[in-house]
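Text of the file coords_10.cif, holding mmCIF, C-alpha atoms:
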data_final
#
loop_
_atom_site.label_atom_id
_atom_site.label_comp_id
_atom_site.auth_asym_id
_atom_site.auth_seq_id
_atom_site.Cartn_x
_atom_site.Cartn_y
_atom_site.Cartn_z
CA MET W 364 6.13 7.86 -28.81
CA PRO W 365 9.44 6.68 -27.29
CA VAL W 366 10.27 7.18 -23.62
CA PHE W 367 13.62 8.66 -22.55
CA VAL W 368 15.41 8.40 -19.21
CA TYR W 369 17.24 11.56 -18.24
CA GLU W 370 19.56 12.94 -15.58
CA ALA W 371 19.67 16.69 -15.04
CA LYS W 372 20.80 19.27 -12.51
CA ASN W 373 18.84 22.23 -11.18
CA VAL W 374 20.22 25.68 -10.37
CA GLN W 375 21.32 24.43 -6.94
CA GLY W 376 23.33 21.64 -8.55
CA VAL W 377 21.07 18.85 -7.29
CA LEU W 378 20.98 15.80 -9.57
CA LEU W 379 17.46 14.87 -10.70
CA LYS W 380 16.34 11.73 -12.54
CA GLY W 381 13.16 10.95 -14.42
CA LYS W 382 11.41 9.66 -17.52
CA MET W 383 9.84 11.66 -20.34
CA GLU W 384 7.94 10.95 -23.56
CA ALA W 385 9.31 12.81 -26.59
CA SER W 386 9.89 12.41 -30.32
CA ASP W 387 13.70 12.42 -30.01
CA GLU W 388 16.58 13.41 -27.73
CA LYS W 389 16.54 17.02 -28.92
CA ALA W 390 12.94 17.38 -27.76
CA VAL W 391 13.93 15.98 -24.37
CA VAL W 392 16.75 18.54 -24.08
CA MET W 393 14.36 21.38 -24.87
CA MET W 394 11.78 20.18 -22.33
CA ILE W 395 14.46 19.81 -19.63
CA ARG W 396 15.80 23.31 -20.31
CA ASP W 397 12.25 24.71 -20.18
CA LYS W 398 12.25 23.55 -16.55
CA SER W 399 15.48 25.52 -15.97
CA TYR W 400 17.42 22.26 -15.61
CA TYR W 401 20.80 21.41 -17.16
CA PRO W 402 20.71 18.03 -19.00
CA VAL W 403 23.51 15.66 -17.98
CA LYS W 404 22.56 12.30 -19.50
CA ILE W 405 19.74 11.20 -21.82
CA LYS W 406 19.04 7.75 -23.23
CA GLU W 407 16.05 5.92 -24.64
CA TYR W 408 14.20 3.76 -22.14
CA LYS W 409 13.99 0.11 -23.21
CA GLN W 410 11.12 -1.94 -21.88
CA SER W 411 12.22 -5.08 -20.06
CA LEU W 412 10.50 -8.08 -18.61
CA ASN W 413 10.80 -6.67 -15.10
CA VAL W 414 7.48 -6.76 -13.32
CA ASP W 415 6.34 -3.40 -11.95
CA LEU W 416 5.32 -4.12 -8.37
CA SER W 417 4.54 -0.48 -7.56
CA SER W 418 0.87 -1.08 -8.39
CA LEU W 419 0.68 -3.41 -5.37
CA LYS W 420 1.87 -0.63 -3.08
CA VAL W 421 -0.60 1.48 -1.14
CA VAL W 422 -0.44 5.27 -0.86
CA SER W 423 -0.94 5.53 2.89
CA THR W 424 -2.28 8.40 4.95
CA LYS W 425 1.27 9.07 6.11
CA ASP W 426 2.44 9.43 2.49
CA ILE W 427 -0.39 11.89 1.79
CA SER W 428 0.42 13.97 4.89
CA ILE W 429 4.11 14.18 3.94
CA PHE W 430 3.14 15.12 0.38
CA CYS W 431 0.88 17.94 1.61
CA ARG W 432 3.50 19.22 4.05
CA GLN W 433 6.31 19.28 1.48
CA PHE W 434 4.13 20.74 -1.26
CA SER W 435 2.87 23.48 1.07
CA VAL W 436 6.40 24.56 2.03
CA ILE W 437 7.62 24.53 -1.58
CA VAL W 438 4.63 26.48 -2.97
CA SER W 439 4.83 29.07 -0.16
CA ALA W 440 8.45 29.69 -1.21
CA GLY W 441 7.20 30.92 -4.59
CA ILE W 442 8.24 27.90 -6.65
CA SER W 443 5.99 27.02 -9.61
CA ILE W 444 3.59 24.07 -9.44
CA VAL W 445 5.50 22.10 -12.09
CA LYS W 446 8.80 22.40 -10.25
CA ALA W 447 7.09 21.69 -6.93
CA VAL W 448 5.70 18.42 -8.30
CA ASP W 449 9.16 17.43 -9.57
CA ILE W 450 10.82 18.20 -6.24
CA VAL W 451 8.23 16.31 -4.17
CA LYS W 452 8.38 13.41 -6.62
CA GLU W 453 12.15 13.06 -6.16
CA GLN W 454 11.80 13.18 -2.37
CA SER W 455 8.96 10.64 -2.20
CA GLU W 456 9.90 7.20 -0.82
CA ASN W 457 6.71 5.51 -2.03
CA PRO W 458 7.25 4.16 -5.60
CA LYS W 459 3.55 4.28 -6.39
CA LEU W 460 3.20 7.92 -5.29
CA LYS W 461 6.38 8.74 -7.23
CA LYS W 462 4.80 7.21 -10.34
CA ILE W 463 1.58 9.18 -9.79
CA LEU W 464 3.47 12.46 -9.38
CA PHE W 465 5.43 11.77 -12.56
CA SER W 466 2.14 11.44 -14.44
CA VAL W 467 0.72 14.52 -12.69
CA GLY W 468 3.75 16.58 -13.73
CA GLU W 469 3.28 15.57 -17.34
CA GLU W 470 -0.43 16.43 -17.27
CA ILE W 471 0.29 19.88 -15.79
CA GLN W 472 2.79 20.57 -18.58
CA LYS W 473 0.02 19.79 -21.06
CA GLY W 474 -2.14 22.55 -19.55
CA LYS W 475 -4.17 20.80 -16.87
CA THR W 476 -4.48 22.16 -13.33
CA LEU W 477 -3.05 20.32 -10.32
CA SER W 478 -6.50 19.28 -9.09
CA MET W 479 -7.52 17.97 -12.52
CA SER W 480 -4.32 15.93 -12.75
CA LEU W 481 -4.69 14.50 -9.23
CA ARG W 482 -8.34 13.59 -9.82
CA GLU W 483 -7.36 11.03 -12.46
CA HIS W 484 -5.64 8.82 -9.87
CA LYS W 485 -7.84 6.77 -7.56
CA ASP W 486 -5.13 6.53 -4.88
CA ILE W 487 -5.38 10.28 -4.21
CA PRO W 488 -8.17 11.02 -1.68
CA ASP W 489 -11.23 12.92 -2.97
CA MET W 490 -10.94 15.41 -0.14
CA LEU W 491 -7.39 16.32 -1.15
CA VAL W 492 -8.46 16.84 -4.75
CA ASN W 493 -11.44 19.01 -3.80
CA MET W 494 -9.42 21.09 -1.35
CA VAL W 495 -6.64 21.64 -3.89
CA GLU W 496 -9.27 22.84 -6.35
CA VAL W 497 -10.54 25.32 -3.73
CA GLY W 498 -6.97 26.48 -3.10
CA GLU W 499 -6.35 27.04 -6.81
CA THR W 500 -9.54 29.09 -7.09
CA SER W 501 -8.97 31.18 -3.95
CA GLY W 502 -5.21 31.60 -4.41
CA ASN W 503 -4.27 30.23 -0.96
CA LEU W 504 -3.13 26.78 -2.03
CA ASP W 505 -0.18 26.74 0.39
CA THR W 506 -2.42 27.49 3.40
CA ILE W 507 -4.94 24.81 2.44
CA LEU W 508 -2.19 22.24 1.88
CA ASP W 509 -0.76 23.05 5.32
CA THR W 510 -4.22 22.49 6.82
CA LEU W 511 -4.54 19.20 4.92
CA ALA W 512 -1.11 18.11 6.18
CA LYS W 513 -2.29 18.55 9.78
CA TYR W 514 -5.55 16.76 8.97
CA TYR W 515 -3.84 13.69 7.48
CA GLU W 516 -1.27 13.68 10.29
CA ASN W 517 -4.15 13.39 12.78
CA GLU W 518 -5.69 10.63 10.67
CA HIS W 519 -2.38 8.77 10.64
CA LYS W 520 -1.96 9.12 14.42
CA GLN W 521 -5.47 7.76 14.97
CA GLN W 522 -4.76 4.79 12.70
CA GLN W 523 -1.48 4.17 14.52
CA LYS W 524 -3.21 4.14 17.91
CA ILE W 525 -5.73 1.55 16.75
CA SER W 526 -3.01 -0.50 15.05
CA GLN W 527 -0.75 -0.47 18.12
CA ALA W 528 -3.64 -1.49 20.38
CA THR W 529 -4.49 -4.49 18.19
CA THR W 530 -0.91 -5.62 17.48
CA TYR W 531 -0.50 -7.68 20.67
CA PRO W 532 -3.75 -9.68 20.22
CA LYS W 533 -2.88 -10.31 16.56
CA VAL W 534 0.58 -11.62 17.44
CA ILE W 535 -0.81 -13.88 20.17
CA VAL W 536 -3.50 -15.30 17.88
CA ILE W 537 -1.06 -15.95 15.00
CA PHE W 538 1.50 -17.57 17.32
CA ALA W 539 -1.20 -19.73 18.92
CA MET W 540 -2.50 -20.83 15.52
CA VAL W 541 1.00 -21.89 14.50
CA VAL W 542 1.52 -23.84 17.75
CA VAL W 543 -1.89 -25.54 17.60
CA THR W 544 -1.39 -26.40 13.93
CA GLY W 545 1.98 -27.94 14.77
CA LEU W 546 0.48 -29.98 17.62
CA VAL W 547 -2.43 -31.23 15.54
CA THR W 548 -0.39 -31.92 12.42
CA PHE W 549 2.79 -33.50 13.84
CA VAL W 550 2.51 -34.32 17.57
CA VAL W 551 -0.98 -35.84 17.81
CA PRO W 552 -0.49 -38.37 14.94
CA THR W 553 2.62 -39.75 16.72
CA PHE W 554 0.71 -40.39 19.96
CA THR W 555 -2.35 -41.83 18.25
CA LYS W 556 -0.18 -44.22 16.24
CA MET W 557 1.45 -45.45 19.45
CA ILE W 558 -1.98 -45.95 21.03
CA THR W 559 -3.51 -47.81 18.11
CA ASP W 560 -0.41 -49.99 17.68
CA ALA W 561 -0.66 -50.93 21.35
CA GLY W 562 -4.31 -51.89 20.89
CA GLY W 563 -5.69 -49.15 23.15
CA ASP W 564 -9.15 -47.68 22.83
CA VAL W 565 -9.46 -44.28 21.14
CA PRO W 566 -11.90 -42.00 23.01
CA LEU W 567 -14.13 -39.45 21.28
CA PRO W 568 -11.96 -36.32 21.95
CA THR W 569 -8.98 -38.14 20.44
CA LYS W 570 -11.03 -39.17 17.39
CA ILE W 571 -12.05 -35.53 16.84
CA VAL W 572 -8.44 -34.31 17.04
CA MET W 573 -7.32 -37.18 14.77
CA GLY W 574 -9.92 -36.16 12.19
CA ILE W 575 -8.71 -32.54 12.28
CA SER W 576 -5.11 -33.78 12.07
CA ASP W 577 -5.85 -35.95 9.03
CA PHE W 578 -7.56 -33.01 7.33
CA PHE W 579 -4.61 -30.68 7.93
CA ARG W 580 -2.02 -33.25 6.84
CA GLY W 581 -3.94 -34.17 3.72
CA ASN W 582 -4.62 -30.56 2.64
CA LEU W 583 -1.66 -28.66 4.14
CA VAL W 584 -0.41 -27.30 0.80
CA ALA W 585 -3.92 -26.30 -0.30
CA ILE W 586 -4.55 -24.52 3.04
CA ILE W 587 -1.28 -22.56 2.79
CA LEU W 588 -2.03 -21.56 -0.82
CA PHE W 589 -5.54 -20.50 0.16
CA ILE W 590 -4.24 -18.31 3.01
CA LEU W 591 -1.69 -16.68 0.68
CA PHE W 592 -4.40 -16.08 -1.93
CA VAL W 593 -6.68 -14.41 0.64
CA VAL W 594 -3.86 -12.15 1.90
CA ILE W 595 -2.75 -11.11 -1.60
CA ALA W 596 -6.33 -10.63 -2.83
CA SER W 597 -7.20 -8.46 0.18
CA LYS W 598 -4.16 -6.27 -0.54
CA ILE W 599 -4.91 -5.91 -4.25
CA PHE W 600 -8.67 -5.47 -4.12
CA GLY W 601 -8.45 -3.46 -0.89
CA SER W 602 -6.27 -0.84 -2.59
CA LYS W 603 -8.27 -0.89 -5.83
CA GLY W 604 -11.54 -0.42 -3.98
CA LYS W 605 -10.26 2.46 -1.90
CA ARG W 606 -12.88 4.87 -3.18
CA GLU W 607 -15.73 2.42 -2.95
CA LEU W 608 -18.00 3.14 -0.02
CA LYS W 609 -18.11 0.40 2.61
CA ASN W 610 -21.49 -1.04 3.56
CA ASP W 611 -21.12 -0.75 7.33
CA LYS W 612 -24.76 -0.99 8.37
CA TYR W 613 -24.17 -4.15 10.41
CA THR W 614 -20.74 -3.05 11.64
CA MET W 615 -22.31 -0.20 13.59
CA LYS W 616 -24.69 -2.64 15.31
CA MET W 617 -21.95 -4.92 16.66
CA PRO W 618 -21.95 -5.07 20.50
CA VAL W 619 -18.50 -3.64 21.32
CA PHE W 620 -16.79 -2.82 18.05
CA GLY W 621 -19.84 -0.96 16.70
CA LYS W 622 -19.58 1.85 19.28
CA LEU W 623 -15.87 2.23 18.67
CA TYR W 624 -16.40 2.34 14.91
CA LEU W 625 -19.10 5.00 15.26
CA LYS W 626 -16.77 7.16 17.37
CA VAL W 627 -14.08 6.88 14.70
CA VAL W 628 -16.55 7.92 11.98
CA THR W 629 -17.87 10.76 14.15
CA ALA W 630 -14.38 12.16 14.80
CA ARG W 631 -13.54 11.94 11.10
CA PHE W 632 -16.78 13.65 10.07
CA ALA W 633 -16.34 16.49 12.58
CA ARG W 634 -12.73 17.16 11.58
CA THR W 635 -13.36 16.86 7.84
CA PHE W 636 -16.46 19.05 7.87
CA GLY W 637 -14.75 21.66 10.05
CA ILE W 638 -11.70 21.90 7.76
CA LEU W 639 -13.86 22.20 4.66
CA LEU W 640 -15.90 25.05 6.17
CA SER W 641 -12.83 26.88 7.50
CA SER W 642 -11.26 26.70 4.01
CA GLY W 643 -14.21 28.50 2.47
CA VAL W 644 -16.04 25.53 0.98
CA PRO W 645 -19.84 26.12 1.00
CA MET W 646 -21.87 23.95 3.38
CA ILE W 647 -23.65 21.95 0.66
CA GLU W 648 -20.38 21.11 -1.08
CA SER W 649 -18.82 20.26 2.30
CA ILE W 650 -21.62 17.79 3.01
CA GLU W 651 -21.16 16.20 -0.42
CA THR W 652 -17.41 15.87 0.12
CA CYS W 653 -17.90 14.30 3.56
CA ALA W 654 -20.33 11.79 2.05
CA LYS W 655 -17.55 10.68 -0.33
CA VAL W 656 -14.50 10.63 1.93
CA LEU W 657 -15.91 8.96 5.07
CA ASN W 658 -15.92 5.56 3.31
CA SER W 659 -19.25 4.66 4.86
CA ARG W 660 -22.33 3.73 2.83
CA THR W 661 -24.59 4.30 5.84
CA ILE W 662 -23.27 7.82 6.54
CA SER W 663 -23.18 8.64 2.83
CA ASP W 664 -26.88 7.85 2.39
CA ILE W 665 -27.76 9.87 5.51
CA LEU W 666 -25.72 12.89 4.43
CA SER W 667 -27.30 12.79 0.96
CA SER W 668 -30.80 13.07 2.46
CA VAL W 669 -29.60 15.68 5.00
CA LYS W 670 -28.17 17.77 2.17
CA GLU W 671 -31.58 18.02 0.51
CA GLU W 672 -33.15 19.19 3.78
CA VAL W 673 -30.42 21.79 4.32
CA LYS W 674 -31.10 23.11 0.82
CA LYS W 675 -34.73 23.66 1.88
CA GLY W 676 -33.63 25.68 4.93
CA THR W 677 -33.48 23.07 7.69
CA GLY W 678 -30.57 23.45 10.12
CA LEU W 679 -27.81 20.86 9.77
CA GLY W 680 -27.92 20.02 13.49
CA ASP W 681 -31.68 19.42 13.41
CA ALA W 682 -31.46 17.32 10.24
CA LEU W 683 -28.71 15.09 11.70
CA ALA W 684 -30.47 14.81 15.08
CA ALA W 685 -33.61 13.49 13.34
CA ARG W 686 -31.57 10.63 11.82
CA GLU W 687 -30.27 9.50 15.26
CA ILE W 688 -27.08 8.07 13.79
CA PHE W 689 -24.44 10.41 15.23
CA PRO W 690 -24.00 10.86 19.01
CA LEU W 691 -26.16 13.52 20.63
CA MET W 692 -23.12 15.58 21.58
CA LEU W 693 -22.10 16.08 17.94
CA THR W 694 -25.55 17.25 16.81
CA GLN W 695 -25.80 19.60 19.79
CA MET W 696 -22.36 21.06 19.08
CA ILE W 697 -23.33 21.60 15.44
CA LYS W 698 -26.42 23.51 16.60
CA ILE W 699 -24.23 25.65 18.85
CA GLY W 700 -21.89 26.29 15.92
CA GLU W 701 -24.79 27.32 13.70
CA GLU W 702 -26.07 29.75 16.31
CA SER W 703 -22.67 31.24 17.19
CA GLY W 704 -21.30 31.34 13.64
CA ASN W 705 -18.01 29.58 14.48
CA MET W 706 -18.88 26.11 13.25
CA ASP W 707 -15.32 25.21 12.21
CA GLU W 708 -13.87 25.91 15.68
CA VAL W 709 -16.66 24.01 17.44
CA LEU W 710 -16.21 21.00 15.13
CA SER W 711 -12.43 21.02 15.65
CA LYS W 712 -12.87 20.77 19.44
CA THR W 713 -15.54 18.09 19.00
CA ALA W 714 -13.18 16.08 16.79
CA ASP W 715 -10.45 16.31 19.44
CA PHE W 716 -12.90 15.04 22.05
CA TYR W 717 -13.89 12.01 19.98
CA ASP W 718 -10.25 11.28 19.11
CA ASP W 719 -9.62 10.93 22.86
CA GLU W 720 -12.77 8.80 23.15
CA VAL W 721 -11.46 6.51 20.41
CA SER W 722 -8.12 6.14 22.22
CA ASN W 723 -9.82 5.28 25.51
CA ALA W 724 -12.31 2.90 23.90
CA THR W 725 -9.52 1.14 21.99
CA ALA W 726 -7.52 0.63 25.18
CA GLN W 727 -10.59 -0.74 26.98
CA MET W 728 -11.43 -3.08 24.11
CA THR W 729 -7.85 -4.36 24.02
CA SER W 730 -7.85 -5.03 27.78
CA LEU W 731 -11.11 -6.97 27.29
CA ILE W 732 -9.93 -8.96 24.28
CA GLU W 733 -6.63 -10.12 25.79
CA PRO W 734 -8.11 -12.28 28.60
CA LEU W 735 -10.74 -13.66 26.21
CA ILE W 736 -7.97 -14.73 23.82
CA ILE W 737 -6.04 -16.38 26.66
CA ILE W 738 -9.17 -18.24 27.85
CA GLY W 739 -9.92 -19.40 24.32
CA LEU W 740 -6.38 -20.63 23.74
CA THR W 741 -6.39 -22.40 27.09
CA MET W 742 -9.55 -24.28 26.12
CA VAL W 743 -8.17 -25.29 22.72
CA VAL W 744 -4.79 -26.43 24.00
CA GLY W 745 -6.46 -28.12 27.01
CA PHE W 746 -8.76 -30.08 24.68
CA ILE W 747 -5.74 -31.28 22.65
CA VAL W 748 -3.84 -32.29 25.81
CA VAL W 749 -6.90 -34.18 27.17
CA SER W 750 -7.29 -35.98 23.83
CA ILE W 751 -3.70 -37.20 24.20
CA ILE W 752 -3.79 -38.08 27.93
CA LEU W 753 -7.10 -40.00 27.95
CA PRO W 754 -5.89 -42.89 25.74
CA ILE W 755 -2.67 -43.12 27.76
CA PHE W 756 -4.64 -43.50 30.99
CA GLY W 757 -6.81 -46.05 29.24
CA MET W 758 -3.73 -48.08 28.32
CA TYR W 759 -2.46 -47.97 31.93
CA ASP W 760 -5.85 -49.14 33.20
CA ALA W 761 -5.86 -51.99 30.68
CA ALA W 762 -2.33 -52.99 31.66
CA GLY W 763 -3.24 -52.89 35.38
CA GLY W 764 -6.31 -55.04 34.77
#

If you took the structure in this file and wrote it as structure tokens, what would it be?
Amino acid sequence: MPVFVYEAKNVQGVLLKGKMEASDEKAVVMMIRDKSYYPVKIKEYKQSLNVDLSSLKVVSTKDISIFCRQFSVIVSAGISIVKAVDIVKEQSENPKLKKILFSVGEEIQKGKTLSMSLREHKDIPDMLVNMVEVGETSGNLDTILDTLAKYYENEHKQQQKISQATTYPKVIVIFAMVVVTGLVTFVVPTFTKMITDAGGDVPLPTKIVMGISDFFRGNLVAIILFILFVVIASKIFGSKGKRELKNDKYTMKMPVFGKLYLKVVTARFARTFGILLSSGVPMIESIETCAKVLNSRTISDILSSVKEEVKKGTGLGDALAAREIFPLMLTQMIKIGEESGNMDEVLSKTADFYDDEVSNATAQMTSLIEPLIIIGLTMVVGFIVVSIILPIFGMYDAAGG
């Protein structure tokens, strides 16, 4: 079936653009008017050799939070789901999300629900899909989307804090690697050639640096291509494997980073579980959803076994405490929530506490990493300088003798 590109105006006079599959132009006009739009321009879309790079884009947490916020406001104003999808699609700045929403709009027109249409796209989080399904069933989709917007905004802020804390060390390491590579590749060979031409002895540190220099100079193109391949592959496969659970068993056991990672997972679990319960999702289904969205194979396996115990009547706090994976404070707060009946409120406060813990731990880790990086760079650069100076001193000694 051919694809048509159209331009149309809504009742407010706003110009909208999009693509649509139809048998002919008349069918496109009818479909546009069914949306209460006025067709302005329609032409058949011709495929070109242009490469679609939108598949390499990533639908970030920020994009999801903006989507939830806009969709919540539009739906609460009484606008239909189909029109809401079209409006949000036109306002989206992410080309990949725009493409997903275009497909979602078409699926809804064919009779599918919003949650069913979103579920077909792996870039849409499972939690969002499940919560939208709950909102469609309960009739409070706008309220749930507003809650999700706040949830993903918190997730984005947490990611930003960690990213900002690690930016400085990353920049220093990259800059140092460039400088050291330049020294080893271009500066050291010049000095060693002068030394060997003068008949001086080459000490062991200089031989080591010369060997590294020869390796870099002989394989410079291959090294650059390999680095580019690793970066591109991590972007592609990282986005494709977004829903695959990460095997983080050994990550949690790392000396410093393991504790920070566990605090991040704990905060995410507490906030996710609390939002699910407050939205009316049953406890068993909430546990199943958390097992999927936490992106942790270790936590997923634990929650799966905990779910079976909860089905048999065991308290969630007791079941988690027996596993000894989450901090004691979280399990104790869950027990308090079970006894008081306000689990969602208790978990929300617990999540706020661990968000602050993550911020403090990230700042401490950064302050620890920075001097270690400086010491390491000092040793590397010092070794290169010594490898250059030693032969020069040797030549002076030989000349003096």

**Request:** Any chance you could resolve the PyMOL selection byres ((chain W and resi 376-378) around 12) against this file and give the residues as a list in words?
**Result:** Tyr369, Glu370, Ala371, Lys372, Asn373, Val374, Gln375, Leu379, Lys380, Gly381, Ser399, Tyr400, Tyr401, Pro402, Val403, Lys404, Asp449, Ile450, Glu453 and Gln454 of chain W

**Request:** Would you write out, as an MDAnalysis selection string, every residue that the PyMOL selection byres ((chain W and resi 496) around 12) captures in this file?
**Result:** chainID W and resid 475:482 489:495 497:505 507:508 639 642:644

**Å distance separating CA of Asp718 (chain W) from CA of Thr530 (chain W), one decimal place** =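 Going from CA of Asp718 (chain W) over to CA of Thr530 (chain W), I get 19.4 Å.
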
**Request:** Using CA of Glu388 (chain W) and CA of Gln472 (chain W) as the two end points, give the distance in Å to one decimal.
**Result:**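 Computing the Euclidean distance for CA of Glu388 (chain W) and CA of Gln472 (chain W) yields 18.0 Å.
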
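Going from CA of Gly468 (chain W) to CA of Thr506 (chain W) covers 21.2 Å.
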
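Residues in contact with Glu651 (chain W) at 12 Å, where only C-alpha atoms are counted and same-chain residues fewer than 5 positions away are skipped, are listed as W:Asp489, W:Met490, W:Asn493, W:Phe632, W:Thr635, W:Phe636, W:Leu639, W:Val644, W:Pro645, W:Met646, W:Val656, W:Leu657, W:Ile662, W:Ser663, W:Asp664, W:Ile665, W:Leu666, W:Ser667, W:Ser668, W:Val669, W:Lys670, W:Glu671, W:Val673.
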
**Message:** Quick one: residues within 10 Å of Val709 (chain W), all atoms listed in the file, excluding same-chain residues fewer than 5 positions away - as a list in words?
**Reply:**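 Once the nearby chain positions are removed, what remains is Ala633, Arg634, Gly637, Leu693, Met696, Ile697, Lys698, Ile699, Gly700, Glu701, Ser703, Gly704 and Ala714 of chain W.
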
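A search radius of 12 Å centred on (-10.6, -18.7, 19.6), applied to all atoms listed in the file, returns the residues W:Pro532, W:Lys533, W:Ile535, W:Val536, W:Ile537, W:Ala539, W:Met540, W:Val543, W:Ile732, W:Glu733, W:Pro734, W:Leu735, W:Ile736, W:Ile737, W:Ile738, W:Gly739, W:Leu740, W:Thr741, W:Met742, W:Val743, W:Val744.
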
**Prompt:** Smallest atom-to-atom distance to Pro690 (chain W): which of W:Lys655, W:Lys626, W:Lys485, W:Lys425, using only C-alpha atoms?
**Reply:** W:Lys626

**Asked** Got a sec: who's within 12 Å of Gly621 (chain W), counting only C-alpha atoms, leaving out chain neighbours fewer than 4 positions off, as a list in words?
**Response**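 Result of the neighbour search: Asp611, Lys612, Tyr613, Thr614, Met615, Lys616, Met617, Leu625, Lys626, Val627, Val628, Ile688, Val721, Ala724, Thr725 and Met728 of chain W.
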
**Message:** For this structure, which residues satisfy the selection - the PyMOL selection byres ((chain W and resi 445) around 12) - when it is evaluated on the file as given? I want them as a ChimeraX atom specification.
**Reply:** /W:395,397-399,434,437-438,441-444,446-452,464-477,480

Just write the chosen residues, C-alpha atoms, as a CSV table (one decimal), in the coordinates of the input.
chain,number,residue,atom,x,y,z
W,395,ILE,CA,14.5,19.8,-19.6
W,397,ASP,CA,12.2,24.7,-20.2
W,398,LYS,CA,12.2,23.6,-16.6
W,399,SER,CA,15.5,25.5,-16.0
W,434,PHE,CA,4.1,20.7,-1.3
W,437,ILE,CA,7.6,24.5,-1.6
W,438,VAL,CA,4.6,26.5,-3.0
W,441,GLY,CA,7.2,30.9,-4.6
W,442,ILE,CA,8.2,27.9,-6.6
W,443,SER,CA,6.0,27.0,-9.6
W,444,ILE,CA,3.6,24.1,-9.4
W,446,LYS,CA,8.8,22.4,-10.2
W,447,ALA,CA,7.1,21.7,-6.9
W,448,VAL,CA,5.7,18.4,-8.3
W,449,ASP,CA,9.2,17.4,-9.6
W,450,ILE,CA,10.8,18.2,-6.2
W,451,VAL,CA,8.2,16.3,-4.2
W,452,LYS,CA,8.4,13.4,-6.6
W,464,LEU,CA,3.5,12.5,-9.4
W,465,PHE,CA,5.4,11.8,-12.6
W,466,SER,CA,2.1,11.4,-14.4
W,467,VAL,CA,0.7,14.5,-12.7
W,468,GLY,CA,3.8,16.6,-13.7
W,469,GLU,CA,3.3,15.6,-17.3
W,470,GLU,CA,-0.4,16.4,-17.3
W,471,ILE,CA,0.3,19.9,-15.8
W,472,GLN,CA,2.8,20.6,-18.6
W,473,LYS,CA,0.0,19.8,-21.1
W,474,GLY,CA,-2.1,22.6,-19.6
W,475,LYS,CA,-4.2,20.8,-16.9
W,476,THR,CA,-4.5,22.2,-13.3
W,477,LEU,CA,-3.0,20.3,-10.3
W,480,SER,CA,-4.3,15.9,-12.8

**Request:** Select, counting all atoms listed in the file, all protein, DNA and RNA residues no farther than 6 Å from (-0.3, 18.4, 5.0) in file coordinates, and express the selection as an MDAnalysis selection string.
**Result:** chainID W and resid 428 431:432 508:513

Residues of the last selection are to be written out with C-alpha atoms, as a PDB file, in the frame of the given file.
ATOM      1  CA  SER W 428       0.420  13.970   4.890  1.00  0.00           C
ATOM      2  CA  CYS W 431       0.880  17.940   1.610  1.00  0.00           C
ATOM      3  CA  ARG W 432       3.500  19.220   4.050  1.00  0.00           C
ATOM      4  CA  LEU W 508      -2.190  22.240   1.880  1.00  0.00           C
ATOM      5  CA  ASP W 509      -0.760  23.050   5.320  1.00  0.00           C
ATOM      6  CA  THR W 510      -4.220  22.490   6.820  1.00  0.00           C
ATOM      7  CA  LEU W 511      -4.540  19.200   4.920  1.00  0.00           C
ATOM      8  CA  ALA W 512      -1.110  18.110   6.180  1.00  0.00           C
ATOM      9  CA  LYS W 513      -2.290  18.550   9.780  1.00  0.00           C
TER      10      LYS W 513
END
